[in-house]
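Undergrad: This is the structure I have questions about; it appears just below.
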Amino acid sequence: MAFTAKDVQALREKTGAGMMDCKKALTEADGDMDKAVDVLRERGLALATKKAGRVAAEGVVLAYNDEEKNIGVLVEVNSETDFVAKNEKFQNLVLDVAKTIVNENPADVDALLTLKLAGSEDTVQEAFQNAVLSIGENMKIRRFVRHEGVVSTYIHAGGSVGVMVTFDCADESYKADAFKAMGKDVAMQVAAMNPQYLEGATVPADVIDHEKGIMIAQMKEDPKMANKPEKVMEGIIAGKINKFFKEVCLLDQAFVKDDSVNVRTYVANTAKELGGAFTVSGFYRFAKGEGLAKREDNFADEVASMMGK
């Protein structure tokens with residue numbers, strides 16, 4: 001079956017593959033468009049496998065809030081380079097992944113990969129394989145969290161840090177503009193100050209004991225503390241623990257926009273102004289690529305791949 005230049009262009013637009021790859025696929029498929037798509041997808045599978053060992057430490061964190069369903073999602077998708085992370089196709093793919101998580105509530109990343117991608121007949125796995133073929137880089141869904149209920153989200157620096165703050169709400173005051181402004185402020189606080197816990201009561205006992213041990217060791221090294229009564233020492237330690245909470249606990253932190261109050265008071269004041277009943281129940285913070293080591297030989301691998309090595 002013969003094919004024309006228009007067929008090659010049509011296949012290119014349909015798959016995003018290169019012009020020569022499309023021509024070769026049509027030749028191999030004897031001009032059959034559907035078979036040519038399969039050929040390219042099969043090559044995409046090979047490309048994805050070949051690049052699977054490549055470290056994907058760039059990418060983007062997306063915070064998505066479906067306000068109609070009251071479901072929030074925070075998802076990190078990694079690529080090899082920051083250049084690809086800024087690609088519109090890549091960003092749209094990440095958005096569709098977030099929508100899939102909202103709609104399907106997968107248990108984990110492996111389960112997510114088997115689901116139909118939102119707005120597509122392909123599974124998430126197939127969509128990523130096709131994206132590898134089109135974009136030419138390894139990319140992976142690293143992690144996600146999904147929360148049913150009222151959330152506020154914030155993305156910093158184009159997806160380098162993403163935050164989702166969750167709220168317990170006893171009424172519909174969360175629909176007010178003042179609530180949304182407050183929620184964004186709290187999410188920005190999490191992005192900027194990177195708290196580890198919600199409040200003092202949520203800090204594990206072993207963490208507190210560890211901090212106390214350090215404090216006691218420091219005080220023993222201080223000659224001025226040597227003869228202090230035990231009760232005085234206990235009071236000093238309690239004060240230091242409270243200071244520790246103010247550093248690592250979101251609700252105990254000084255509010256960055258007004259350090260005369262802490263975050264807990266800021267939220268409570270907003271609830272009072274709205275006549276509402278809500279509190280912060282938790283938060284999630286993803287920093288793009290945290291814990292992943294970037295490989296300097298990615299570019300060398302790419303050159304070797306191009307040379308057929």
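Convention: chains lettered A, B, ... in structure tokens order; per-chain residue numbering from 1; ligands numbered from 1 as shown.
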Just want the 6 Å neighbourhood of range 136-145 of chain A, counted on only C-alpha atoms, with same-chain residues fewer than 2 positions away dropped. Output as a list in words.
TA: Lys51, Val73, Leu74, Val75, Glu76, Val77, Asn78, Ser79, Val132, Leu133 and Ser134 of chain A
Undergrad: Based on the selection just made, write N, CA, C and O atoms of those residues as an mmCIF file, in the first residue's frame.
TA:
data_model
loop_
_atom_site.group_PDB
_atom_site.id
_atom_site.type_symbol
_atom_site.label_atom_id
_atom_site.label_comp_id
_atom_site.auth_asym_id
_atom_site.auth_seq_id
_atom_site.Cartn_x
_atom_site.Cartn_y
_atom_site.Cartn_z
ATOM 1 N N LYS A 51 16.110 3.619 28.106
ATOM 2 C CA LYS A 51 16.375 4.780 28.935
ATOM 3 C C LYS A 51 15.984 4.588 30.392
ATOM 4 O O LYS A 51 16.123 5.485 31.202
ATOM 5 N N VAL A 73 -4.831 16.748 44.958
ATOM 6 C CA VAL A 73 -3.759 15.814 44.593
ATOM 7 C C VAL A 73 -2.436 16.568 44.541
ATOM 8 O O VAL A 73 -2.365 17.702 44.045
ATOM 9 N N LEU A 74 -1.406 15.930 45.051
ATOM 10 C CA LEU A 74 -0.040 16.413 44.909
ATOM 11 C C LEU A 74 0.742 15.293 44.242
ATOM 12 O O LEU A 74 0.752 14.164 44.738
ATOM 13 N N VAL A 75 1.356 15.584 43.089
ATOM 14 C CA VAL A 75 2.041 14.532 42.338
ATOM 15 C C VAL A 75 3.375 15.050 41.829
ATOM 16 O O VAL A 75 3.496 16.212 41.434
ATOM 17 N N GLU A 76 4.386 14.188 41.875
ATOM 18 C CA GLU A 76 5.699 14.511 41.313
ATOM 19 C C GLU A 76 5.977 13.591 40.130
ATOM 20 O O GLU A 76 5.888 12.374 40.254
ATOM 21 N N VAL A 77 6.293 14.204 38.992
ATOM 22 C CA VAL A 77 6.683 13.459 37.798
ATOM 23 C C VAL A 77 8.070 13.951 37.386
ATOM 24 O O VAL A 77 8.279 15.144 37.205
ATOM 25 N N ASN A 78 8.996 13.020 37.248
ATOM 26 C CA ASN A 78 10.380 13.387 36.963
ATOM 27 C C ASN A 78 10.755 13.177 35.503
ATOM 28 O O ASN A 78 10.252 12.273 34.843
ATOM 29 N N SER A 79 11.645 14.032 35.032
ATOM 30 C CA SER A 79 12.246 13.916 33.707
ATOM 31 C C SER A 79 13.759 14.030 33.883
ATOM 32 O O SER A 79 14.243 14.297 34.980
ATOM 33 N N VAL A 132 7.772 9.186 25.884
ATOM 34 C CA VAL A 132 9.201 8.915 25.719
ATOM 35 C C VAL A 132 9.558 8.920 24.237
ATOM 36 O O VAL A 132 10.580 9.475 23.825
ATOM 37 N N LEU A 133 8.700 8.311 23.427
ATOM 38 C CA LEU A 133 8.921 8.281 21.985
ATOM 39 C C LEU A 133 8.900 9.688 21.410
ATOM 40 O O LEU A 133 9.739 10.051 20.585
ATOM 41 N N SER A 134 7.953 10.495 21.859
ATOM 42 C CA SER A 134 7.775 11.834 21.318
ATOM 43 C C SER A 134 8.833 12.806 21.821
ATOM 44 O O SER A 134 9.414 13.565 21.044
#
Undergrad: So that I can see what lies close to Lys272 in chain A, please list as a compact mmCIF listing (two decimals) with N, CA and C atoms, in the first residue's frame the residues with an atom at most 12 Å from it, counting only C-alpha atoms and leaving out residues fewer than 5 positions away in the same chain.
TA:
# COMPACT_ATOMS: atom_id res chain seq x y z
N SER A 173 -17.72 27.71 55.00
CA SER A 173 -16.92 28.94 54.99
C SER A 173 -15.70 28.80 54.09
N ALA A 178 -11.92 34.92 51.54
CA ALA A 178 -11.00 35.11 52.66
C ALA A 178 -10.40 33.78 53.10
N PHE A 179 -11.19 32.70 53.03
CA PHE A 179 -10.66 31.37 53.36
C PHE A 179 -9.60 30.97 52.33
N THR A 265 -2.91 30.89 65.32
CA THR A 265 -3.70 32.08 65.62
C THR A 265 -4.21 32.75 64.35
N TYR A 266 -3.38 32.77 63.32
CA TYR A 266 -3.79 33.37 62.04
C TYR A 266 -5.00 32.63 61.48
N VAL A 267 -4.98 31.32 61.50
CA VAL A 267 -6.11 30.53 61.00
C VAL A 267 -7.35 30.76 61.87
N ALA A 277 -16.14 27.50 61.16
CA ALA A 277 -15.51 26.52 62.05
C ALA A 277 -14.59 25.64 61.22
N PHE A 278 -13.28 25.92 61.25
CA PHE A 278 -12.33 25.12 60.50
C PHE A 278 -10.96 25.18 61.17
N THR A 279 -10.20 24.13 60.97
CA THR A 279 -8.84 24.04 61.49
C THR A 279 -7.97 23.34 60.45
Undergrad: For Ile101 in chain A, list every protein, DNA or RNA residue within 8 Å, evaluated using only C-alpha atoms, and leave out those in the same chain fewer than 5 positions away; present the list as a list of chain:residue names.
TA: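 Selected residues are A:Val73, A:Pro106, A:Leu112, A:Arg146.
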Undergrad: With all heavy atoms kept, could you save the residues just selected as a short mmCIF file (atom, residue, chain, number, x, y, z; two decimals), in the first residue's frame?
TA:
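What ended up in selection.cif:
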data_model
loop_
_atom_site.label_atom_id
_atom_site.label_comp_id
_atom_site.auth_asym_id
_atom_site.auth_seq_id
_atom_site.Cartn_x
_atom_site.Cartn_y
_atom_site.Cartn_z
N VAL A 73 -4.83 16.75 44.96
CA VAL A 73 -3.76 15.81 44.59
C VAL A 73 -2.44 16.57 44.54
O VAL A 73 -2.36 17.70 44.04
CB VAL A 73 -4.03 15.17 43.22
CG1 VAL A 73 -2.77 14.48 42.67
CG2 VAL A 73 -5.16 14.16 43.32
N PRO A 106 -6.26 5.65 42.72
CA PRO A 106 -5.40 4.46 42.72
C PRO A 106 -4.68 4.29 44.06
O PRO A 106 -4.42 5.26 44.78
CB PRO A 106 -4.39 4.77 41.60
CG PRO A 106 -4.35 6.26 41.55
CD PRO A 106 -5.74 6.72 41.86
N LEU A 112 -1.76 3.10 39.47
CA LEU A 112 -2.04 4.25 38.60
C LEU A 112 -1.65 3.97 37.16
O LEU A 112 -2.37 4.32 36.22
CB LEU A 112 -1.29 5.47 39.13
CG LEU A 112 -1.28 6.73 38.26
CD1 LEU A 112 -2.69 7.26 38.03
CD2 LEU A 112 -0.41 7.81 38.90
N ARG A 146 -3.30 11.88 47.65
CA ARG A 146 -4.66 12.29 47.29
C ARG A 146 -5.46 12.48 48.57
O ARG A 146 -5.39 11.65 49.48
CB ARG A 146 -5.32 11.21 46.41
CG ARG A 146 -6.76 11.48 45.98
CD ARG A 146 -7.26 10.28 45.18
NE ARG A 146 -8.59 10.47 44.61
CZ ARG A 146 -9.73 10.23 45.26
NH1 ARG A 146 -9.68 9.79 46.51
NH2 ARG A 146 -10.89 10.40 44.66
#
Undergrad: Within 6 Å of range 200-214 of chain A, counting only C-alpha atoms, which residues show up once you throw out same-chain ones fewer than 2 positions away? Write them as an MDAnalysis selection string, please.
TA: chainID A and resid 216:217 245
Undergrad: Determine, counting only C-alpha atoms, which protein, DNA and RNA residues have an atom within 10 Å of an atom of Phe167 in chain A; residues of the same chain fewer than 4 positions away are not included. Present the result as number ranges by chain.
TA: A: 149-152, 174, 183, 278-283
Undergrad: If you count only C-alpha atoms, which residues fall within 10 Å of His147 in chain A, apart from same-chain ones fewer than 6 positions away, as a PyMOL selection string?
TA: chain A and resi 65+70-74+102+105+164-166
Undergrad: If we count only C-alpha atoms and set the cut-off at 7 Å, which residues sit around range 27-32 of chain A, ignoring sequence neighbours fewer than 3 positions away in its own chain? Please answer as a JSON list (two decimals) with C-alpha atoms, in the first residue's frame.
TA:
[["chain", "number", "residue", "atom", "x", "y", "z"],
["A", 1, "MET", "CA", 0.00, 0.00, 0.00],
["A", 2, "ALA", "CA", 1.48, 3.30, -1.10],
["A", 3, "PHE", "CA", 1.60, 6.36, 1.15],
["A", 23, "LYS", "CA", 8.37, 7.42, 7.14],
["A", 24, "LYS", "CA", 10.19, 4.25, 8.19],
["A", 35, "LYS", "CA", -0.02, -0.53, 11.96],
["A", 36, "ALA", "CA", 2.47, 2.33, 11.65]]
Undergrad: If you run DSSP on this backbone, which residues of range 48-199 of chain A come out as helix (DSSP H, G or I), and could you give them as a VMD selection string?
TA: chain A and resid 48 to 51 82 to 85 88 to 104 109 to 113 124 to 135 173 to 175 177 to 193
Undergrad: Just the number, please: distance in Å from CA of Leu95 in chain A to CA of Ala176 in chain A, one decimal.
TA: 25.7 Å
Undergrad: Extract the full set of strand (DSSP E or B) residues from range 116-212 of chain A according to DSSP on the backbone, and format it as a ChimeraX atom specification.
TA: /A:116,123,139-148,150-156,161-169,197
Undergrad: Looking at A:Ala157, A:Cys169, A:Gln189, A:Asp222, which one is nearest to Asn262 in chain A, with distances taken over only C-alpha atoms?
TA: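 Closest residue, counting only C-alpha atoms: A:Gln189.
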Undergrad: Would you work out the distance separating CA of Thr114 in chain A from CA of Glu126 in chain A, expressed in Å to one decimal?
TA: 8.7 Å
Undergrad: As an exercise, work out the distance from CA of Asp96 in chain A to CA of Ala118 in chain A in Å and give it to one decimal place.
TA: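 Here the two named atoms are 5.5 Å from each other.
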Undergrad: From the list A:Lys6, A:Lys243, A:Lys69, A:Arg285, which residue is nearest Val161 in chain A when using only C-alpha atoms?
TA: A:Arg285
Undergrad: So which one's closest to Asp258 in chain A, A:Glu234, A:Asp110, A:Glu273, A:Asp185? Using only C-alpha atoms, please.
TA: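 Smallest distance to Asp258 in chain A is found for A:Asp185.
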Undergrad: With distances taken over only C-alpha atoms, which residue among A:Leu113, A:Ala187, A:Ile135, A:Met33 lies nearest Val84 in chain A?
TA: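 Looking at the shortest contact to Val84 in chain A, the residue is A:Ile135.
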Undergrad: Looking at only C-alpha atoms, which of A:Lys86, A:Met188, A:Gly159, A:Met215 is the one that sits closest to Ile236 in chain A?
TA: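 Closest candidate: A:Met215.
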Undergrad: Go through A:Tyr64, A:Phe83, A:Phe255, A:Phe128 and flag the residue nearest Val190 in chain A, using only C-alpha atoms for the distances.
TA: A:Phe255
